[in-house]
file structure30.csv (CSV, C-alpha atoms)
chain,number,residue,atom,x,y,z
A,27,MET,CA,125.9,79.9,121.9
A,28,THR,CA,122.6,80.7,120.4
A,29,ARG,CA,121.8,79.6,116.9
A,30,TYR,CA,119.6,81.7,114.7
A,31,ARG,CA,117.6,80.3,111.8
A,32,LYS,CA,118.2,82.1,108.5
A,33,ALA,CA,115.1,83.9,107.1
A,34,ILE,CA,114.7,85.2,103.6
A,35,THR,CA,112.6,88.3,103.4
A,36,TYR,CA,109.8,88.1,100.8
A,37,VAL,CA,109.1,91.4,99.1
A,38,PRO,CA,105.4,91.6,98.1
A,39,LEU,CA,106.2,93.4,94.9
A,40,LYS,CA,103.3,91.8,92.9
A,41,GLN,CA,100.8,92.8,95.6
A,42,TRP,CA,102.1,96.4,95.8
A,43,LEU,CA,102.1,96.8,92.0
A,44,THR,CA,98.5,95.4,91.8
A,45,ILE,CA,97.2,97.8,94.4
A,46,GLU,CA,99.1,100.7,93.0
A,47,MET,CA,97.8,100.1,89.5
A,48,ALA,CA,94.2,99.7,90.8
A,49,ALA,CA,94.5,103.1,92.6
A,50,LEU,CA,96.0,104.6,89.5
A,51,SER,CA,93.2,103.3,87.3
A,52,ILE,CA,90.6,104.7,89.7
A,53,GLN,CA,92.2,108.1,89.7
A,54,SER,CA,92.6,108.4,86.0
A,55,LEU,CA,89.0,107.2,85.5
A,56,LEU,CA,87.9,110.0,87.9
A,57,TRP,CA,89.9,112.6,86.1
A,58,TRP,CA,88.5,111.4,82.8
A,59,LEU,CA,84.9,111.5,84.0
A,60,LEU,CA,85.1,114.7,86.0
A,61,VAL,CA,87.4,116.8,83.8
A,62,SER,CA,88.3,115.5,80.4
A,63,ARG,CA,89.8,112.6,78.4
A,64,LEU,CA,93.1,114.4,78.2
A,65,ALA,CA,93.1,114.9,82.0
A,66,GLY,CA,92.5,111.1,82.5
A,67,TYR,CA,95.3,110.2,80.1
A,68,SER,CA,97.7,112.7,81.8
A,69,ALA,CA,96.8,111.3,85.2
A,70,LEU,CA,97.6,107.8,84.0
A,71,VAL,CA,101.0,109.0,82.7
A,72,GLY,CA,101.7,110.9,85.9
A,73,GLY,CA,101.0,107.7,88.0
A,74,LEU,CA,103.2,105.6,85.8
A,75,ILE,CA,106.1,108.0,86.2
A,76,PHE,CA,105.9,107.1,89.9
A,77,VAL,CA,105.1,103.4,89.7
A,78,ILE,CA,107.9,102.3,87.2
A,79,PRO,CA,110.9,103.8,89.0
A,80,ASN,CA,109.5,102.8,92.4
A,81,ALA,CA,109.1,99.1,91.3
A,82,TYR,CA,112.7,99.2,90.1
A,83,PHE,CA,113.8,100.5,93.5
A,84,ALA,CA,111.8,97.9,95.5
A,85,HIS,CA,113.2,95.1,93.2
A,86,ARG,CA,116.8,96.3,93.6
A,87,ALA,CA,116.8,97.2,97.3
A,88,TYR,CA,116.4,93.5,98.3
A,89,ARG,CA,119.0,92.0,96.0
A,90,TYR,CA,121.3,91.4,99.1
A,91,GLN,CA,120.0,90.3,102.5
A,92,GLY,CA,121.5,89.3,105.8
A,93,ALA,CA,124.0,90.8,108.2
A,94,ARG,CA,127.1,89.6,106.4
A,95,GLN,CA,126.0,91.4,103.2
A,96,MET,CA,124.6,94.5,104.8
A,97,SER,CA,127.2,96.9,103.4
A,98,LEU,CA,126.4,95.6,99.9
A,99,ALA,CA,122.7,96.0,100.7
A,100,VAL,CA,123.2,99.6,101.8
A,101,SER,CA,125.3,100.5,98.7
A,102,ASN,CA,122.6,98.9,96.6
A,103,ILE,CA,119.9,101.0,98.2
A,104,PHE,CA,121.9,104.2,97.6
A,105,ARG,CA,122.4,103.2,93.9
A,106,ALA,CA,118.8,102.2,93.5
A,107,GLU,CA,117.6,105.5,95.0
A,108,SER,CA,119.8,107.6,92.7
A,109,ILE,CA,118.6,105.7,89.6
A,110,LYS,CA,115.0,106.1,90.8
A,111,LEU,CA,115.4,109.9,91.0
A,112,ALA,CA,117.2,110.1,87.7
A,113,LEU,CA,114.5,107.9,86.0
A,114,THR,CA,111.8,110.2,87.5
A,115,ALA,CA,113.5,113.3,86.1
A,116,VAL,CA,114.0,111.7,82.7
A,117,PHE,CA,110.4,110.5,82.5
A,118,PHE,CA,109.1,114.0,83.4
A,119,ALA,CA,111.3,115.6,80.9
A,120,ALA,CA,110.2,113.2,78.2
A,121,VAL,CA,106.5,113.8,79.0
A,122,PHE,CA,106.8,117.6,79.0
A,123,THR,CA,108.8,117.6,75.7
A,124,LEU,CA,107.3,114.7,73.7
A,125,MET,CA,103.6,114.6,74.9
A,126,GLU,CA,101.6,117.4,73.5
A,127,PRO,CA,99.1,118.5,74.8
A,128,VAL,CA,99.3,117.6,78.5
A,129,HIS,CA,97.0,118.4,81.4
A,130,VAL,CA,99.6,119.5,83.9
A,131,PRO,CA,97.5,119.7,87.1
A,132,ALA,CA,96.2,116.1,86.6
A,133,LEU,CA,99.7,114.8,85.9
A,134,LEU,CA,101.4,116.4,88.9
A,135,PHE,CA,98.4,115.8,91.3
A,136,THR,CA,98.2,112.2,90.4
A,137,PHE,CA,102.0,111.8,90.8
A,138,ALA,CA,101.9,113.4,94.3
A,139,VAL,CA,98.9,111.2,95.3
A,140,MET,CA,100.7,108.1,94.1
A,141,VAL,CA,103.8,109.0,96.1
A,142,VAL,CA,101.6,109.1,99.2
A,143,VAL,CA,99.7,105.9,98.3
A,144,GLY,CA,103.0,104.1,97.6
A,145,ASN,CA,104.5,105.0,101.0
A,146,VAL,CA,101.3,104.1,102.9
A,147,LEU,CA,101.2,100.8,101.0
A,148,ARG,CA,104.8,99.9,102.0
A,149,TRP,CA,103.9,100.8,105.6
A,150,LEU,CA,100.7,98.6,105.6
A,151,ILE,CA,102.0,95.6,103.6
A,152,ARG,CA,105.5,95.2,104.8
A,153,PRO,CA,108.1,92.7,103.4
A,154,ARG,CA,108.0,89.8,105.8
A,155,PRO,CA,110.7,87.2,106.6
A,156,GLN,CA,109.9,83.6,105.6
A,157,ARG,CA,111.8,80.7,107.2
B,1,MET,CA,113.4,133.6,82.6
B,2,GLU,CA,116.7,133.1,84.4
B,3,MET,CA,114.9,133.2,87.7
B,4,VAL,CA,112.8,130.1,86.7
B,5,PHE,CA,116.0,128.1,86.0
B,6,ILE,CA,117.5,129.3,89.3
B,7,ALA,CA,114.3,128.2,91.1
B,8,ALA,CA,114.3,124.8,89.4
B,9,ALA,CA,118.0,124.4,90.3
B,10,LEU,CA,117.3,125.3,93.9
B,11,ILE,CA,114.4,122.8,94.1
B,12,ILE,CA,116.4,119.9,92.7
B,13,GLY,CA,119.7,120.8,94.5
B,14,LEU,CA,118.2,121.3,98.0
B,15,GLY,CA,116.0,118.2,97.5
B,16,ALA,CA,119.0,116.2,96.6
B,17,LEU,CA,121.0,117.6,99.5
B,18,GLY,CA,118.2,116.7,102.0
B,19,ALA,CA,117.8,113.2,100.5
B,20,GLY,CA,121.6,112.7,100.5
B,21,ILE,CA,121.9,113.6,104.2
B,22,GLY,CA,118.9,111.5,105.1
B,23,PHE,CA,120.1,108.4,103.2
B,24,GLY,CA,123.6,108.8,104.7
B,25,LEU,CA,122.2,108.8,108.2
B,26,LEU,CA,119.8,106.0,107.4
B,27,GLY,CA,122.5,103.8,105.9
B,28,GLY,CA,125.0,104.5,108.6
B,29,LYS,CA,122.5,103.7,111.4
B,30,LEU,CA,121.5,100.5,109.5
B,31,LEU,CA,125.1,99.3,109.3
B,32,GLU,CA,125.8,100.3,112.9
B,33,SER,CA,122.7,98.6,114.3
B,34,THR,CA,123.3,95.4,112.2
B,35,ALA,CA,126.8,95.3,113.6
B,36,ARG,CA,125.4,95.4,117.1
B,37,GLN,CA,122.7,92.9,116.5
B,38,PRO,CA,123.3,90.8,113.4
B,39,GLU,CA,120.2,88.6,114.0
B,40,MET,CA,118.0,91.6,113.6
B,41,GLY,CA,119.5,92.4,110.1
B,42,ASN,CA,116.5,91.4,108.0
B,43,GLN,CA,114.0,93.3,110.2
B,44,LEU,CA,116.2,96.4,110.2
B,45,GLN,CA,116.6,96.2,106.4
B,46,THR,CA,112.8,96.2,106.1
B,47,LYS,CA,112.5,99.2,108.3
B,48,ALA,CA,115.2,101.0,106.5
B,49,PHE,CA,113.5,100.2,103.2
B,50,ILE,CA,110.2,101.7,104.4
B,51,MET,CA,112.0,104.8,105.8
B,52,ALA,CA,113.8,105.2,102.4
B,53,GLY,CA,110.4,105.4,100.7
B,54,LEU,CA,109.3,108.1,103.1
B,55,LEU,CA,112.6,110.0,102.8
B,56,ASP,CA,112.5,110.4,99.0
B,57,ALA,CA,108.8,111.5,98.7
B,58,VAL,CA,109.5,115.2,98.9
B,59,PRO,CA,112.6,115.2,96.5
B,60,MET,CA,110.6,113.3,94.0
B,61,ILE,CA,107.7,115.8,94.0
B,62,GLY,CA,110.3,118.5,93.8
B,63,VAL,CA,111.9,116.9,90.7
B,64,GLY,CA,108.4,116.8,89.1
B,65,ILE,CA,107.8,120.5,89.8
B,66,ALA,CA,111.3,121.5,88.7
B,67,MET,CA,110.9,119.7,85.4
B,68,TYR,CA,107.5,121.5,84.9
B,69,LEU,CA,109.3,124.8,85.5
B,70,ILE,CA,112.1,124.0,83.1
B,71,PHE,CA,110.1,122.5,80.2
B,72,VAL,CA,106.7,124.2,80.4
B,73,VAL,CA,107.1,127.5,82.2
B,74,ALA,CA,110.5,128.4,80.7
B,75,GLY,CA,110.3,126.3,77.6

call {"tool": "encode", "arguments": {"input": "structure30.csv", "output": "C-alpha coordinates"}}
result
Amino acid sequence: MTRYRKAITYVPLKQWLTIEMAALSIQSLLWWLLVSRLAGYSALVGGLIFVIPNAYFAHRAYRYQGARQMSLAVSNIFRAESIKLALTAVFFAAVFTLMEPVHVPALLFTFAVMVVVGNVLRWLIRPRPQR
Amino acid sequence: MEMVFIAAALIIGLGALGAGIGFGLLGGKLLESTARQPEMGNQLQTKAFIMAGLLDAVPMIGVGIAMYLIFVVAG
(Lines of atoms letter the chains of each structure in order from A and count residues from 1; the text may use other names and numbers.)
(Lines give C-alpha, C1' and ligand atoms only; values in the text may rest on other atoms or scores of the structure.)
Protein backbone atom coordinates (compact mmCIF):
# COMPACT_ATOMS: atom_id res chain seq x y z
CA MET A 1 0.00 0.00 0.00
CA THR A 2 1.35 3.40 -0.94
CA ARG A 3 1.50 6.02 1.78
CA TYR A 4 1.06 9.64 0.82
CA ARG A 5 2.45 12.47 2.87
CA LYS A 6 -0.11 15.10 3.81
CA ALA A 7 0.41 18.55 2.34
CA ILE A 8 -1.22 21.79 3.43
CA THR A 9 -1.86 24.24 0.62
CA TYR A 10 -0.52 27.69 1.36
CA VAL A 11 -2.64 30.46 -0.15
CA PRO A 12 -0.48 33.51 -1.04
CA LEU A 13 -3.25 35.91 0.00
CA LYS A 14 -0.84 38.61 1.20
CA GLN A 15 1.12 38.49 -2.05
CA TRP A 16 -2.05 38.69 -4.16
CA LEU A 17 -3.41 41.59 -2.13
CA THR A 18 -0.12 43.51 -2.33
CA ILE A 19 0.12 43.18 -6.12
CA GLU A 20 -3.58 43.98 -6.58
CA MET A 21 -3.31 47.09 -4.42
CA ALA A 22 -0.20 48.20 -6.33
CA ALA A 23 -2.01 47.75 -9.67
CA LEU A 24 -5.02 49.61 -8.29
CA SER A 25 -2.89 52.51 -7.03
CA ILE A 26 -1.17 52.85 -10.42
CA GLN A 27 -4.52 52.85 -12.22
CA SER A 28 -6.14 55.41 -9.96
CA LEU A 29 -3.03 57.60 -10.21
CA LEU A 30 -3.23 57.42 -14.00
CA TRP A 31 -6.94 58.34 -13.96
CA TRP A 32 -6.17 61.22 -11.59
CA LEU A 33 -3.33 62.58 -13.72
CA LEU A 34 -4.92 62.03 -17.14
CA VAL A 35 -8.58 62.87 -16.43
CA SER A 36 -9.40 64.44 -13.06
CA ARG A 37 -9.18 64.00 -9.31
CA LEU A 38 -12.76 62.69 -9.20
CA ALA A 39 -11.89 60.06 -11.83
CA GLY A 40 -8.90 58.90 -9.75
CA TYR A 41 -11.05 58.63 -6.63
CA SER A 42 -13.77 56.74 -8.54
CA ALA A 43 -11.17 54.37 -10.00
CA LEU A 44 -9.86 53.62 -6.50
CA VAL A 45 -13.38 52.87 -5.27
CA GLY A 46 -14.09 50.69 -8.34
CA GLY A 47 -10.96 48.65 -7.70
CA LEU A 48 -11.77 48.23 -4.00
CA ILE A 49 -15.24 46.92 -4.94
CA PHE A 50 -13.43 44.02 -6.61
CA VAL A 51 -10.54 43.53 -4.18
CA ILE A 52 -12.52 43.25 -0.90
CA PRO A 53 -15.07 40.55 -1.95
CA ASN A 54 -12.35 38.66 -3.82
CA ALA A 55 -10.06 38.57 -0.76
CA TYR A 56 -12.97 37.20 1.26
CA PHE A 57 -13.56 34.50 -1.39
CA ALA A 58 -9.88 33.49 -1.45
CA HIS A 59 -9.78 33.37 2.35
CA ARG A 60 -12.92 31.27 2.63
CA ALA A 61 -12.30 28.87 -0.29
CA TYR A 62 -9.37 27.23 1.50
CA ARG A 63 -10.94 26.80 4.92
CA TYR A 64 -11.20 23.03 4.33
CA GLN A 65 -8.57 20.94 2.56
CA GLY A 66 -7.94 17.31 1.70
CA ALA A 67 -9.89 14.54 0.04
CA ARG A 68 -11.87 13.60 3.18
CA GLN A 69 -13.28 17.10 3.50
CA MET A 70 -13.79 17.78 -0.21
CA SER A 71 -17.60 17.97 0.01
CA LEU A 72 -17.24 20.59 2.76
CA ALA A 73 -14.69 22.46 0.63
CA VAL A 74 -17.01 22.47 -2.40
CA SER A 75 -19.99 23.72 -0.38
CA ASN A 76 -17.73 26.37 1.12
CA ILE A 77 -16.64 27.52 -2.36
CA PHE A 78 -20.32 27.78 -3.44
CA ARG A 79 -21.19 29.80 -0.34
CA ALA A 80 -18.16 32.06 -0.70
CA GLU A 81 -19.01 32.69 -4.35
CA SER A 82 -22.61 33.71 -3.62
CA ILE A 83 -21.47 36.00 -0.78
CA LYS A 84 -18.85 37.51 -3.12
CA LEU A 85 -21.47 38.31 -5.80
CA ALA A 86 -23.87 39.70 -3.18
CA LEU A 87 -21.13 41.87 -1.65
CA THR A 88 -20.22 43.21 -5.11
CA ALA A 89 -23.86 44.12 -5.80
CA VAL A 90 -24.23 45.79 -2.38
CA PHE A 91 -21.01 47.79 -2.80
CA PHE A 92 -22.02 48.98 -6.27
CA ALA A 93 -25.48 49.95 -5.02
CA ALA A 94 -23.94 51.80 -2.06
CA VAL A 95 -21.50 53.69 -4.31
CA PHE A 96 -24.16 54.70 -6.83
CA THR A 97 -26.59 55.87 -4.14
CA LEU A 98 -24.28 57.35 -1.47
CA MET A 99 -21.28 58.67 -3.46
CA GLU A 100 -22.11 61.87 -5.26
CA PRO A 101 -20.64 62.80 -7.79
CA VAL A 102 -19.01 59.71 -9.29
CA HIS A 103 -17.06 59.26 -12.53
CA VAL A 104 -18.83 56.16 -13.87
CA PRO A 105 -16.45 55.24 -16.75
CA ALA A 106 -13.43 55.29 -14.40
CA LEU A 107 -15.30 53.22 -11.79
CA LEU A 108 -16.53 50.51 -14.19
CA PHE A 109 -13.36 50.38 -16.32
CA THR A 110 -11.09 50.00 -13.28
CA PHE A 111 -13.40 47.33 -11.88
CA ALA A 112 -13.25 45.38 -15.17
CA VAL A 113 -9.46 45.73 -15.39
CA MET A 114 -9.08 44.56 -11.78
CA VAL A 115 -11.22 41.47 -12.53
CA VAL A 116 -8.81 40.55 -15.33
CA VAL A 117 -5.72 41.40 -13.22
CA GLY A 118 -7.03 39.30 -10.31
CA ASN A 119 -7.59 36.26 -12.50
CA VAL A 120 -4.22 36.54 -14.23
CA LEU A 121 -2.58 36.89 -10.81
CA ARG A 122 -4.24 33.74 -9.49
CA TRP A 123 -3.06 31.92 -12.61
CA LEU A 124 0.54 33.15 -12.30
CA ILE A 125 0.98 32.90 -8.50
CA ARG A 126 -0.84 29.70 -7.60
CA PRO A 127 -1.52 28.36 -4.12
CA ARG A 128 1.18 25.76 -3.54
CA PRO A 129 1.23 22.70 -1.29
CA GLN A 130 3.79 22.70 1.56
CA ARG A 131 4.88 19.52 3.27
CA MET B 1 -37.92 53.21 -17.82
CA GLU B 2 -39.37 49.72 -17.37
CA MET B 3 -37.12 48.45 -20.14
CA VAL B 4 -34.05 49.49 -18.13
CA PHE B 5 -35.18 47.41 -15.17
CA ILE B 6 -35.95 44.46 -17.45
CA ALA B 7 -32.49 44.78 -18.99
CA ALA B 8 -30.82 44.87 -15.55
CA ALA B 9 -32.86 41.87 -14.42
CA LEU B 10 -31.86 39.95 -17.55
CA ILE B 11 -28.18 40.80 -17.06
CA ILE B 12 -28.17 39.68 -13.40
CA GLY B 13 -30.43 36.67 -13.98
CA LEU B 14 -28.62 35.23 -16.98
CA GLY B 15 -25.25 35.90 -15.36
CA ALA B 16 -26.35 34.07 -12.21
CA LEU B 17 -27.73 31.20 -14.32
CA GLY B 18 -24.46 30.80 -16.21
CA ALA B 19 -22.36 31.03 -13.04
CA GLY B 20 -24.65 28.53 -11.30
CA ILE B 21 -24.36 25.97 -14.11
CA GLY B 22 -20.60 26.48 -14.28
CA PHE B 23 -20.10 26.14 -10.54
CA GLY B 24 -22.33 23.09 -10.43
CA LEU B 25 -20.26 21.37 -13.12
CA LEU B 26 -16.99 22.49 -11.50
CA GLY B 27 -17.95 21.27 -8.03
CA GLY B 28 -19.33 17.99 -9.36
CA LYS B 29 -16.21 17.24 -11.36
CA LEU B 30 -14.01 18.20 -8.38
CA LEU B 31 -15.83 15.74 -6.11
CA GLU B 32 -15.79 13.04 -8.79
CA SER B 33 -12.09 13.39 -9.55
CA THR B 34 -11.17 13.55 -5.84
CA ALA B 35 -13.11 10.34 -5.27
CA ARG B 36 -11.13 8.70 -8.09
CA GLN B 37 -7.73 9.97 -6.97
CA PRO B 38 -7.79 11.20 -3.35
CA GLU B 39 -4.04 11.90 -3.33
CA MET B 40 -4.59 14.60 -5.97
CA GLY B 41 -7.17 16.40 -3.81
CA ASN B 42 -5.13 19.47 -2.96
CA GLN B 43 -3.92 20.03 -6.54
CA LEU B 44 -7.44 19.60 -7.88
CA GLN B 45 -8.78 22.06 -5.29
CA THR B 46 -6.21 24.64 -6.41
CA LYS B 47 -7.18 24.19 -10.05
CA ALA B 48 -10.89 24.41 -9.18
CA PHE B 49 -10.19 27.61 -7.23
CA ILE B 50 -8.46 29.19 -10.24
CA MET B 51 -11.28 28.10 -12.55
CA ALA B 52 -13.84 29.54 -10.11
CA GLY B 53 -12.10 32.91 -10.42
CA LEU B 54 -12.31 32.76 -14.22
CA LEU B 55 -15.92 31.58 -14.09
CA ASP B 56 -17.30 34.49 -12.10
CA ALA B 57 -15.54 37.28 -14.00
CA VAL B 58 -18.36 37.89 -16.48
CA PRO B 59 -21.25 37.75 -13.93
CA MET B 60 -19.36 40.21 -11.70
CA ILE B 61 -18.95 42.74 -14.52
CA GLY B 62 -22.63 42.12 -15.35
CA VAL B 63 -23.61 42.93 -11.77
CA GLY B 64 -21.66 46.21 -11.99
CA ILE B 65 -23.36 47.24 -15.25
CA ALA B 66 -26.80 46.20 -13.93
CA MET B 67 -26.34 48.28 -10.76
CA TYR B 68 -25.33 51.23 -12.96
CA LEU B 69 -28.51 50.78 -15.01
CA ILE B 70 -30.72 50.55 -11.92
CA PHE B 71 -29.25 53.35 -9.81
CA VAL B 72 -27.88 55.83 -12.36
CA VAL B 73 -29.75 55.40 -15.65
CA ALA B 74 -33.16 54.68 -14.13
CA GLY B 75 -32.65 56.42 -10.79

call {"tool": "closest_atom_pairs", "arguments": {"input": "structure30.csv", "of": "chain B", "to": "chain A", "cutoff": "8 Å", "atoms": "all atoms listed in the file", "output": "JSON lines"}}
result
{"residue": "B:Phe23", "atom": "CA", "partner": "A:Phe104", "partner_atom": "CA", "distance": 7.2}
{"residue": "B:Gly27", "atom": "CA", "partner": "A:Val100", "partner_atom": "CA", "distance": 5.9}
{"residue": "B:Leu30", "atom": "CA", "partner": "A:Val100", "partner_atom": "CA", "distance": 7.9}
{"residue": "B:Leu31", "atom": "CA", "partner": "A:Met96", "partner_atom": "CA", "distance": 6.6}
{"residue": "B:Thr34", "atom": "CA", "partner": "A:Ala93", "partner_atom": "CA", "distance": 6.1}
{"residue": "B:Ala35", "atom": "CA", "partner": "A:Ala93", "partner_atom": "CA", "distance": 7.6}
{"residue": "B:Pro38", "atom": "CA", "partner": "A:Ala93", "partner_atom": "CA", "distance": 5.2}
{"residue": "B:Glu39", "atom": "CA", "partner": "A:Tyr30", "partner_atom": "CA", "distance": 7.0}
{"residue": "B:Gly41", "atom": "CA", "partner": "A:Ala93", "partner_atom": "CA", "distance": 5.1}
{"residue": "B:Asn42", "atom": "CA", "partner": "A:Gly92", "partner_atom": "CA", "distance": 5.9}
{"residue": "B:Gln43", "atom": "CA", "partner": "A:Pro155", "partner_atom": "CA", "distance": 7.8}
{"residue": "B:Gln45", "atom": "CA", "partner": "A:Gln91", "partner_atom": "CA", "distance": 7.8}
{"residue": "B:Thr46", "atom": "CA", "partner": "A:Pro153", "partner_atom": "CA", "distance": 6.5}
{"residue": "B:Phe49", "atom": "CA", "partner": "A:Ala87", "partner_atom": "CA", "distance": 7.4}
{"residue": "B:Ile50", "atom": "CA", "partner": "A:Arg148", "partner_atom": "CA", "distance": 6.2}
{"residue": "B:Gly53", "atom": "CA", "partner": "A:Asn145", "partner_atom": "CA", "distance": 5.9}
{"residue": "B:Leu54", "atom": "CA", "partner": "A:Asn145", "partner_atom": "CA", "distance": 6.1}
{"residue": "B:Ala57", "atom": "CA", "partner": "A:Val141", "partner_atom": "CA", "distance": 6.2}
{"residue": "B:Met60", "atom": "CA", "partner": "A:Leu111", "partner_atom": "CA", "distance": 6.6}
{"residue": "B:Ile61", "atom": "CA", "partner": "A:Ala138", "partner_atom": "CA", "distance": 6.3}
{"residue": "B:Val63", "atom": "CA", "partner": "A:Ala115", "partner_atom": "CA", "distance": 6.1}
{"residue": "B:Gly64", "atom": "CA", "partner": "A:Phe118", "partner_atom": "CA", "distance": 6.4}
{"residue": "B:Ile65", "atom": "CA", "partner": "A:Leu134", "partner_atom": "CA", "distance": 7.7}
{"residue": "B:Met67", "atom": "CA", "partner": "A:Ala119", "partner_atom": "CA", "distance": 6.1}
{"residue": "B:Tyr68", "atom": "CA", "partner": "A:Phe122", "partner_atom": "CA", "distance": 7.1}
{"residue": "B:Phe71", "atom": "CA", "partner": "A:Phe122", "partner_atom": "CA", "distance": 6.0}
{"residue": "B:Val72", "atom": "CA", "partner": "A:Phe122", "partner_atom": "CA", "distance": 6.7}

call {"tool": "residues_near_point", "arguments": {"input": "structure30.csv", "point": "(115.5, 120.7, 94.5)", "cutoff": "10 Å", "atoms": "only C-alpha atoms", "output": "list in words"}}
result
Ala7, Ala8, Ala9, Leu10, Ile11, Ile12, Gly13, Leu14, Gly15, Ala16, Leu17, Gly18, Ala19, Val58, Pro59, Met60, Ile61, Gly62, Val63, Gly64, Ile65 and Ala66 of chain B

call {"tool": "atom_distance", "arguments": {"input": "structure30.csv", "atom1": "CA of Gly66 (chain A)", "atom2": "CA of Pro79 (chain A)"}}
result
20.8 Å

call {"tool": "closest_residue", "arguments": {"input": "structure30.csv", "among": "A:Leu150, A:Ala69, A:Leu60, A:Leu74", "to": "Pro131 (chain A)", "atoms": "all atoms listed in the file"}}
result
A:Ala69

call {"tool": "atom_distance", "arguments": {"input": "structure30.csv", "atom1": "CA of Thr136 (chain A)", "atom2": "CA of Gly73 (chain A)"}}
result
5.8 Å

call {"tool": "atom_distance", "arguments": {"input": "structure30.csv", "atom1": "CA of Gly28 (chain B)", "atom2": "CA of Trp42 (chain A)"}}
result
27.5 Å

call {"tool": "closest_residue", "arguments": {"input": "structure30.csv", "among": "A:Ala65, A:Ile78, A:Ile109, A:Val71", "to": "Leu39 (chain A)", "atoms": "all atoms listed in the file"}}
result
A:Ile78

call {"tool": "closest_residue", "arguments": {"input": "structure30.csv", "among": "A:Ala81, A:Asn102, A:Ile45, A:Leu50", "to": "Tyr67 (chain A)", "atoms": "all atoms listed in the file"}}
result
A:Leu50
